[in-house]
Each structure stands twice: as structure tokens, then as C-alpha cells.
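Okay, structure first, notes after.
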Amino acid sequence: MNQLRNFLEQKGFYRIILKRLKSGHYTFNVKINNVAGVFILDTGASNSCIGFVFDSYFNLTKEESNIKAAGAGALNMKTALAKNNLLEIRDWKIKKMNFILMDLSHINKALKEADDSPVHGVIGADFLKQHRAVIDYGKNCFYLI
């Protein structure tokens with residue numbers, strides 16, 4: 001029996017299965033505003049984000065932003081904000097999830113080169129910290145509350 005799993009579930013944490021890609025990234029399925037998507041779990045990303053090209057797919061209302069983003073080999077990227085979205089992971093949900101909208105083509109290009117499928121976005125440290133995430137790399141899952 002898995003002691004970590006038992007301990008966390010007794011404390012009210014919710015278990016989420018991760019899929020490990022050939023590239024080494026971990027992904028999981030979510031719904032944003034009742035629309036299914038695939039997101040990378042990224043502890044190194046300061047904010048959760050969705051690719052600009054998916055704003056209408058997820059029914060996002062975006063606000064312009066003067067903030068420039070950087071990451072994964074890209075610098076000074078234009079961004080927008082999408083506030084108060086419904087995020088669901090199976091039967092776990094939150095109603096006021098905020099995302100940064102930005103160009104994620106560089107991430108999907110890298111995934112394609114590794115022969116992996118593209119993703120819609122990234123769940124980052126903002127979400128992981130807020131929901132006290134615990135990652136179990138040995139069991140390819142994570143827990144949140």
C-alpha cells in the first residue's frame with residue numbers, strides 16, 4: 001500500500017494521474033470552461049498559461065496586458081490575461097482560475113520534435129502553490145487540495 005497516497009488522501013488531497021511524455025514532460029487532462037484540454041505540469045513556470053490560439057476554443061475572455069513573458073527559450077513575448085475561468089480535473093474544480101495567454105508554439109514545436117503530442121497550456125507554480133501540490137514522480141501523479 002502506498003503510504004504517501006494514504007496519508008495525503010486522509011488529509012483531503014485529491015490524486016491526479018500524470019502521463020510522462022517521451023520529452024520527459026508530464027501532462028494531464030483538464031477542462032477549462034467545460035472544454036477538454038491537455039496541459040503540462042511545470043513547477044518552473046511561474047504562472048499558468050494557455051496558448052493564444054486556444055482563447056476561443058476555451059471560451060476565454062481576454063484582457064490586454066503590457067507584461068512581457070519569457071521562458072523555454074523565448075523572450076519578450078506578448079501576453080494577455082484571462083481571469084475567472086472554471087478549471088476541472090475529473091470531479092475536482094475551482095471557479096476562478098486565472099491564466100496568462102501567450103504564444104506557446106515554441107513549446108509545441110519542441111514536443112513535436114520529440115514525437116509528442118501538442119498541449120493547450122501549462123499549469124505552473126501559481127496553481128501548484130495555491131493548492132499545496134505534492135508531486136509523486138515515482139507513481140506519476142500529483143495531489144492537491
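Quick note on naming: the chains in the C-alpha cells go A, B, ... in the order shown, residues restart at 1 in each chain, and ligands are numbered from 1 in order of appearance.
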
Enumerate the residues of region 10-144 of chain A with a DSSP assignment of helix (DSSP H, G or I), computed from the backbone, and present them as a ChimeraX atom specification. /A:10,52-54,105-113,125-130,137-139

For the selection you just gave me, I'd like the residues written to a file as a tab-separated table (two decimals), in the first residue's frame, keeping C-alpha atoms.
```
chain	number	residue	atom	x	y	z
A	10	GLN	CA	-6.72	11.17	4.55
A	52	PHE	CA	-3.15	32.44	-27.66
A	53	VAL	CA	-4.53	30.21	-30.41
A	54	PHE	CA	-6.83	28.49	-27.89
A	105	SER	CA	4.29	27.50	-30.35
A	106	HIS	CA	7.91	27.09	-29.19
A	107	ILE	CA	6.78	24.53	-26.59
A	108	ASN	CA	4.64	22.60	-29.06
A	109	LYS	CA	7.45	22.69	-31.63
A	110	ALA	CA	9.80	21.11	-29.08
A	111	LEU	CA	7.19	18.48	-28.22
A	112	LYS	CA	6.68	17.67	-31.91
A	113	GLU	CA	10.44	17.26	-32.39
A	125	ALA	CA	3.76	27.25	-9.77
A	126	ASP	CA	0.99	29.78	-9.09
A	127	PHE	CA	-1.61	27.00	-9.16
A	128	LEU	CA	0.65	24.38	-7.55
A	129	LYS	CA	1.47	26.61	-4.59
A	130	GLN	CA	-2.12	27.78	-4.09
A	137	TYR	CA	7.30	11.22	-9.52
A	138	GLY	CA	7.66	7.55	-8.56
A	139	LYS	CA	3.93	6.97	-9.09
```

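Using only C-alpha atoms, the contacts of His120 (chain A) at a cut-off of 8 Å, with sequence neighbours closer than 3 positions omitted, comprise A:Gly37, A:Val38, A:Phe39, A:Ile50, A:Gly51, A:Phe54.
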
Give the strand (DSSP E) residues of chain A, as DSSP finds them on the backbone, and put them as an MDAnalysis selection string. chainID A and resid 14:17 19:20 26:32 35:41 49:51 62:71 74:89 92:102 121:123 134:136 141:144

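Proximity to Phe142 (chain A) at 8 Å, evaluated using only C-alpha atoms and with sequence-adjacent residues fewer than 6 positions away removed, yields Arg15, Ile16, Ile17, Leu18, Ala133, Val134, Ile135 and Asp136 of chain A.
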
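With distances restricted to only C-alpha atoms, A:Ile32 is the closest residue to Phe58 (chain A) from A:Leu4, A:Ile32, A:Arg20, A:Asn140.
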
Got a sec: who's within 6 Å of region 98-104 of chain A, counting only C-alpha atoms, leaving out chain neighbours fewer than 6 positions off, as a PyMOL selection string? chain A and resi 48-52+79-84

Put those residues in a file: N, CA and C atoms, as a PDB file, in the first residue's frame.
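That gives us part-v3.pdb:
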```pdb
ATOM      1  N   SER A  48       0.455  29.921 -14.680  1.00  0.00           N
ATOM      2  CA  SER A  48      -0.261  29.009 -15.572  1.00  0.00           C
ATOM      3  C   SER A  48      -0.638  29.770 -16.833  1.00  0.00           C
ATOM      4  N   CYS A  49      -0.525  29.118 -17.971  1.00  0.00           N
ATOM      5  CA  CYS A  49      -0.790  29.822 -19.218  1.00  0.00           C
ATOM      6  C   CYS A  49      -1.458  28.919 -20.247  1.00  0.00           C
ATOM      7  N   ILE A  50      -2.091  29.567 -21.188  1.00  0.00           N
ATOM      8  CA  ILE A  50      -2.756  28.922 -22.312  1.00  0.00           C
ATOM      9  C   ILE A  50      -2.264  29.606 -23.577  1.00  0.00           C
ATOM     10  N   GLY A  51      -2.109  28.829 -24.630  1.00  0.00           N
ATOM     11  CA  GLY A  51      -1.682  29.393 -25.904  1.00  0.00           C
ATOM     12  C   GLY A  51      -2.713  30.342 -26.477  1.00  0.00           C
ATOM     13  N   PHE A  52      -2.251  31.455 -27.035  1.00  0.00           N
ATOM     14  CA  PHE A  52      -3.150  32.441 -27.661  1.00  0.00           C
ATOM     15  C   PHE A  52      -4.143  31.794 -28.621  1.00  0.00           C
ATOM     16  N   THR A  79       1.617  39.147 -24.039  1.00  0.00           N
ATOM     17  CA  THR A  79       0.704  38.366 -23.211  1.00  0.00           C
ATOM     18  C   THR A  79      -0.662  39.044 -23.122  1.00  0.00           C
ATOM     19  N   ALA A  80      -1.623  38.294 -22.655  1.00  0.00           N
ATOM     20  CA  ALA A  80      -2.938  38.801 -22.288  1.00  0.00           C
ATOM     21  C   ALA A  80      -3.363  38.033 -21.041  1.00  0.00           C
ATOM     22  N   LEU A  81      -4.400  38.494 -20.385  1.00  0.00           N
ATOM     23  CA  LEU A  81      -4.905  37.828 -19.186  1.00  0.00           C
ATOM     24  C   LEU A  81      -6.287  37.257 -19.457  1.00  0.00           C
ATOM     25  N   ALA A  82      -6.561  36.114 -18.857  1.00  0.00           N
ATOM     26  CA  ALA A  82      -7.897  35.509 -18.897  1.00  0.00           C
ATOM     27  C   ALA A  82      -8.244  35.148 -17.455  1.00  0.00           C
ATOM     28  N   LYS A  83      -9.177  35.890 -16.874  1.00  0.00           N
ATOM     29  CA  LYS A  83      -9.497  35.739 -15.454  1.00  0.00           C
ATOM     30  C   LYS A  83     -10.800  34.976 -15.236  1.00  0.00           C
ATOM     31  N   ASN A  84     -10.897  34.406 -14.026  1.00  0.00           N
ATOM     32  CA  ASN A  84     -12.141  33.800 -13.523  1.00  0.00           C
ATOM     33  C   ASN A  84     -12.692  32.686 -14.397  1.00  0.00           C
TER      34      ASN A  84
END
```

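Nearest to Leu144 (chain A) of all the residues A:Gln3, A:Tyr14, A:Asn34, A:Gly44 is A:Tyr14, based on only C-alpha atoms.
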
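Computed from the coordinates, the CA of Val122 (chain A) to CA of Ile40 (chain A) distance equals 4.7 Å.
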
How many Å lie between CA of Cys141 (chain A) and CA of His25 (chain A), rounded to one decimal? 12.5 Å

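Straight-line separation from CA of Ile123 (chain A) to CA of Asn47 (chain A): 7.2 Å.
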
Per residue of region 76-104 of chain A within 7 Å of region 28-31 of chain A, what are the shortest atom pair and its distance in Å to one decimal, counting only C-alpha atoms, with rows by chain and residue number, as JSON lines?
```
{"residue": "A:Leu87", "atom": "CA", "partner": "A:Lys31", "partner_atom": "CA", "distance": 5.7}
{"residue": "A:Glu88", "atom": "CA", "partner": "A:Lys31", "partner_atom": "CA", "distance": 5.0}
{"residue": "A:Ile89", "atom": "CA", "partner": "A:Val30", "partner_atom": "CA", "distance": 4.8}
```

Within 9 Å of Ala114 (chain A), counting only C-alpha atoms, which residues show up once you throw out same-chain ones fewer than 5 positions away? Write them as a VMD selection string, please. chain A and resid 21 to 23 109
